[in-house]
Amino acid sequence: MVSVVASVGRNGVHDFILLRASAVILVLYTLLLAAFFLVTPSVTYNVWQEFFACISVKVATMLSLLALLVHAKIGVWQVLSDYIKPAFLRGTLQFFFSILLLAYLLFGFSIVWSV
Amino acid sequence: MKKQRPVNLDLTTIKMHPAANASILHRVSGVIMVFAIGILLLTLSISLSSAEGFAQIQGYLDGIFFKFIIFGCLSALTYHVLAGVRHLCMDLGHFEELASGNTSAKLIMIIWLAISAVIGVWLW
């Protein structure tokens, strides 16, 4: 049975939608980065820095970091709830990964913020 | 729900077909990505910090160890995206039959290996 306390959204159906919506954002961002490397024959520091300094890339990066938090939080929950049966251990791991993912979000924000 | 259903949880007795392999690899690559994102963010942070930081990352990428780590991250990402898109197609009602599911699973494996090879050539 899906316990509501462990879900990111309001319920399982909401999580289902959130997982897929965030996946679409992450695919688009991956394609954006892939396209950058494809059209840039030699990536120098100036080109790299200017790309991430562009406000639309900053917004796309921060949006993707937010999508990543939601996507990975649900994904980690799916994996942990399938394989880790002892409730305390599962909760502890869930806590650890949630903090890690939140740290990714803040770290990522601070990276693009300062460019 | 009936409780007396036959249940076989001994995975070693179950023959894995392509769709099953595609599914478990999607999960494995997802778990890898949770850690890979940390490595990629750290790399991004150093490369954007200064010209020296960028040169430092370029220096690391000349080494076989870091090159292999980055290759692993990008290969896992490639697989996760491909299998994820396949799952989204299945949500829309495609590749849900045994034959088409196995065919699409084999197809993403081939595309994954091809893109991984391209990434490998590009990095080396």
# chains A, B, ... in the order shown; residues from 1 in each chain; ligands from 1
$ interface_residues --of "chain B" --to "chain A" --cutoff "7 Å" --atoms "only C-alpha atoms" --output "VMD selection string"
chain B and resid 34 38 41 45 48 51 54 81
$ residues_around --residues "B:Gly101" --least-positions-apart "2" --cutoff "12 Å" --atoms "only C-alpha atoms" --output "number ranges by chain"
B: 17-23, 83, 86-87, 89-90, 93-99, 103-108
$ closest_residue --among "A:Val47, A:Asn11, A:Ala60, A:Val5" --to "A:Leu32" --atoms "only C-alpha atoms"
A:Ala60
$ atom_distance --atom1 "atom CA of B:Ile69" --atom2 "atom CA of B:Leu123"
11.1 Å
$ select_by_dssp --residues "chain A" --states "helix (DSSP H, G or I)" --output "count of residues only"
96
$ atom_distance --atom1 "atom CA of B:Ala55" --atom2 "atom CA of A:Val39"
21.0 Å
$ atom_distance --atom1 "atom CA of B:Gly84" --atom2 "atom CA of B:Gly72"
17.8 Å
$ residues_around --residues "A:Gln94" --least-positions-apart "5" --cutoff "9 Å" --atoms "only C-alpha atoms" --output "compact mmCIF listing (two decimals) with N, CA and C atoms, in the first residue's frame"
# COMPACT_ATOMS: atom_id res chain seq x y z
N ALA A 6 5.30 9.25 2.46
CA ALA A 6 6.56 9.09 1.73
C ALA A 6 6.50 9.70 0.33
N LYS A 73 13.85 11.99 -6.04
CA LYS A 73 13.21 11.70 -4.75
C LYS A 73 12.20 10.56 -4.91
N VAL A 76 14.19 7.26 -5.89
CA VAL A 76 14.85 6.67 -4.71
C VAL A 76 13.82 5.99 -3.83
N TRP A 77 12.67 6.64 -3.67
CA TRP A 77 11.60 6.04 -2.87
C TRP A 77 11.15 4.72 -3.48
N LEU A 80 13.98 2.10 -2.83
CA LEU A 80 14.10 1.75 -1.41
C LEU A 80 12.90 0.95 -0.92
N LEU A 89 15.57 1.33 8.75
CA LEU A 89 16.66 1.44 7.78
C LEU A 89 16.20 2.18 6.53
N ILE A 99 18.39 14.42 1.77
CA ILE A 99 19.33 15.49 2.09
C ILE A 99 20.34 15.66 0.95
$ residues_around --residues "B:Leu61" --least-positions-apart "6" --cutoff "9 Å" --atoms "only C-alpha atoms" --output "count of residues only"
4
$ decode --residues "stretch 16-113 of chain B" --atoms "C-alpha atoms" --output "PDB file, in the first residue's frame"
ATOM      1  CA  MET B  16      15.199 -12.649 -18.314  1.00  0.00           C
ATOM      2  CA  HIS B  17      13.800 -11.553 -21.666  1.00  0.00           C
ATOM      3  CA  PRO B  18      14.961  -8.294 -23.360  1.00  0.00           C
ATOM      4  CA  ALA B  19      12.108  -6.201 -21.885  1.00  0.00           C
ATOM      5  CA  ALA B  20      12.981  -7.444 -18.374  1.00  0.00           C
ATOM      6  CA  ASN B  21      16.641  -6.577 -18.921  1.00  0.00           C
ATOM      7  CA  ALA B  22      15.675  -3.128 -20.223  1.00  0.00           C
ATOM      8  CA  SER B  23      13.563  -2.571 -17.120  1.00  0.00           C
ATOM      9  CA  ILE B  24      16.155  -3.571 -14.510  1.00  0.00           C
ATOM     10  CA  LEU B  25      18.912  -1.680 -16.329  1.00  0.00           C
ATOM     11  CA  HIS B  26      16.705   1.413 -16.252  1.00  0.00           C
ATOM     12  CA  ARG B  27      16.532   1.052 -12.485  1.00  0.00           C
ATOM     13  CA  VAL B  28      20.268   0.365 -12.131  1.00  0.00           C
ATOM     14  CA  SER B  29      21.157   3.339 -14.344  1.00  0.00           C
ATOM     15  CA  GLY B  30      18.792   5.498 -12.272  1.00  0.00           C
ATOM     16  CA  VAL B  31      20.583   4.572  -9.054  1.00  0.00           C
ATOM     17  CA  ILE B  32      23.937   5.250 -10.757  1.00  0.00           C
ATOM     18  CA  MET B  33      22.627   8.671 -11.858  1.00  0.00           C
ATOM     19  CA  VAL B  34      21.845   9.661  -8.244  1.00  0.00           C
ATOM     20  CA  PHE B  35      25.593   9.463  -7.544  1.00  0.00           C
ATOM     21  CA  ALA B  36      26.709  10.537 -11.031  1.00  0.00           C
ATOM     22  CA  ILE B  37      24.874  13.860 -10.689  1.00  0.00           C
ATOM     23  CA  GLY B  38      27.079  14.682  -7.690  1.00  0.00           C
ATOM     24  CA  ILE B  39      30.230  14.033  -9.736  1.00  0.00           C
ATOM     25  CA  LEU B  40      28.892  16.017 -12.702  1.00  0.00           C
ATOM     26  CA  LEU B  41      27.855  18.968 -10.494  1.00  0.00           C
ATOM     27  CA  LEU B  42      31.293  19.016  -8.862  1.00  0.00           C
ATOM     28  CA  THR B  43      32.906  18.958 -12.320  1.00  0.00           C
ATOM     29  CA  LEU B  44      30.610  21.770 -13.497  1.00  0.00           C
ATOM     30  CA  SER B  45      31.401  23.811 -10.388  1.00  0.00           C
ATOM     31  CA  ILE B  46      35.181  23.578 -10.832  1.00  0.00           C
ATOM     32  CA  SER B  47      35.046  24.125 -14.609  1.00  0.00           C
ATOM     33  CA  LEU B  48      32.966  27.305 -14.201  1.00  0.00           C
ATOM     34  CA  SER B  49      34.884  28.682 -11.205  1.00  0.00           C
ATOM     35  CA  SER B  50      37.770  30.129 -13.255  1.00  0.00           C
ATOM     36  CA  ALA B  51      39.933  29.569 -16.322  1.00  0.00           C
ATOM     37  CA  GLU B  52      42.352  27.696 -14.042  1.00  0.00           C
ATOM     38  CA  GLY B  53      39.507  25.475 -12.811  1.00  0.00           C
ATOM     39  CA  PHE B  54      38.502  24.758 -16.414  1.00  0.00           C
ATOM     40  CA  ALA B  55      42.102  23.833 -17.271  1.00  0.00           C
ATOM     41  CA  GLN B  56      42.196  21.624 -14.168  1.00  0.00           C
ATOM     42  CA  ILE B  57      39.158  19.657 -15.397  1.00  0.00           C
ATOM     43  CA  GLN B  58      40.716  19.380 -18.857  1.00  0.00           C
ATOM     44  CA  GLY B  59      43.821  18.005 -17.180  1.00  0.00           C
ATOM     45  CA  TYR B  60      41.751  15.457 -15.239  1.00  0.00           C
ATOM     46  CA  LEU B  61      39.996  14.447 -18.484  1.00  0.00           C
ATOM     47  CA  ASP B  62      43.387  13.635 -20.008  1.00  0.00           C
ATOM     48  CA  GLY B  63      43.791  10.985 -17.302  1.00  0.00           C
ATOM     49  CA  ILE B  64      42.268   7.567 -17.894  1.00  0.00           C
ATOM     50  CA  PHE B  65      40.565   7.345 -14.473  1.00  0.00           C
ATOM     51  CA  PHE B  66      38.494  10.545 -14.637  1.00  0.00           C
ATOM     52  CA  LYS B  67      37.785   9.968 -18.341  1.00  0.00           C
ATOM     53  CA  PHE B  68      36.329   6.566 -17.478  1.00  0.00           C
ATOM     54  CA  ILE B  69      34.227   8.027 -14.633  1.00  0.00           C
ATOM     55  CA  ILE B  70      32.751  10.685 -16.927  1.00  0.00           C
ATOM     56  CA  PHE B  71      32.186   8.080 -19.655  1.00  0.00           C
ATOM     57  CA  GLY B  72      30.305   5.927 -17.124  1.00  0.00           C
ATOM     58  CA  CYS B  73      28.150   8.872 -16.028  1.00  0.00           C
ATOM     59  CA  LEU B  74      27.264   9.829 -19.617  1.00  0.00           C
ATOM     60  CA  SER B  75      26.623   6.233 -20.657  1.00  0.00           C
ATOM     61  CA  ALA B  76      24.312   5.667 -17.666  1.00  0.00           C
ATOM     62  CA  LEU B  77      22.526   8.941 -18.462  1.00  0.00           C
ATOM     63  CA  THR B  78      22.117   7.903 -22.110  1.00  0.00           C
ATOM     64  CA  TYR B  79      20.602   4.569 -21.129  1.00  0.00           C
ATOM     65  CA  HIS B  80      18.322   6.103 -18.488  1.00  0.00           C
ATOM     66  CA  VAL B  81      16.997   8.673 -20.983  1.00  0.00           C
ATOM     67  CA  LEU B  82      16.448   6.067 -23.742  1.00  0.00           C
ATOM     68  CA  ALA B  83      14.691   3.584 -21.436  1.00  0.00           C
ATOM     69  CA  GLY B  84      12.753   6.457 -19.865  1.00  0.00           C
ATOM     70  CA  VAL B  85      11.470   7.621 -23.246  1.00  0.00           C
ATOM     71  CA  ARG B  86      10.509   3.991 -23.987  1.00  0.00           C
ATOM     72  CA  HIS B  87       8.538   3.911 -20.732  1.00  0.00           C
ATOM     73  CA  LEU B  88       6.792   7.162 -21.662  1.00  0.00           C
ATOM     74  CA  CYS B  89       5.834   5.574 -25.006  1.00  0.00           C
ATOM     75  CA  MET B  90       4.444   2.606 -23.068  1.00  0.00           C
ATOM     76  CA  ASP B  91       2.425   5.017 -20.912  1.00  0.00           C
ATOM     77  CA  LEU B  92       0.870   6.217 -24.172  1.00  0.00           C
ATOM     78  CA  GLY B  93      -0.044   2.639 -25.094  1.00  0.00           C
ATOM     79  CA  HIS B  94       2.808   1.622 -27.438  1.00  0.00           C
ATOM     80  CA  PHE B  95       5.154  -1.419 -27.210  1.00  0.00           C
ATOM     81  CA  GLU B  96       2.935  -3.077 -24.611  1.00  0.00           C
ATOM     82  CA  GLU B  97       2.712  -6.481 -26.311  1.00  0.00           C
ATOM     83  CA  LEU B  98       5.303  -9.214 -25.744  1.00  0.00           C
ATOM     84  CA  ALA B  99       6.829  -8.987 -29.229  1.00  0.00           C
ATOM     85  CA  SER B 100       6.812  -5.188 -29.602  1.00  0.00           C
ATOM     86  CA  GLY B 101       8.034  -4.751 -26.007  1.00  0.00           C
ATOM     87  CA  ASN B 102      11.018  -7.009 -26.641  1.00  0.00           C
ATOM     88  CA  THR B 103      11.731  -5.353 -29.988  1.00  0.00           C
ATOM     89  CA  SER B 104      11.712  -1.850 -28.497  1.00  0.00           C
ATOM     90  CA  ALA B 105      13.908  -3.106 -25.634  1.00  0.00           C
ATOM     91  CA  LYS B 106      16.465  -4.489 -28.109  1.00  0.00           C
ATOM     92  CA  LEU B 107      16.258  -1.270 -30.126  1.00  0.00           C
ATOM     93  CA  ILE B 108      17.131   0.997 -27.172  1.00  0.00           C
ATOM     94  CA  MET B 109      20.033  -1.331 -26.268  1.00  0.00           C
ATOM     95  CA  ILE B 110      21.435  -0.963 -29.790  1.00  0.00           C
ATOM     96  CA  ILE B 111      20.959   2.845 -29.757  1.00  0.00           C
ATOM     97  CA  TRP B 112      22.519   2.976 -26.277  1.00  0.00           C
ATOM     98  CA  LEU B 113      25.616   1.018 -27.359  1.00  0.00           C
TER      99      LEU B 113
END
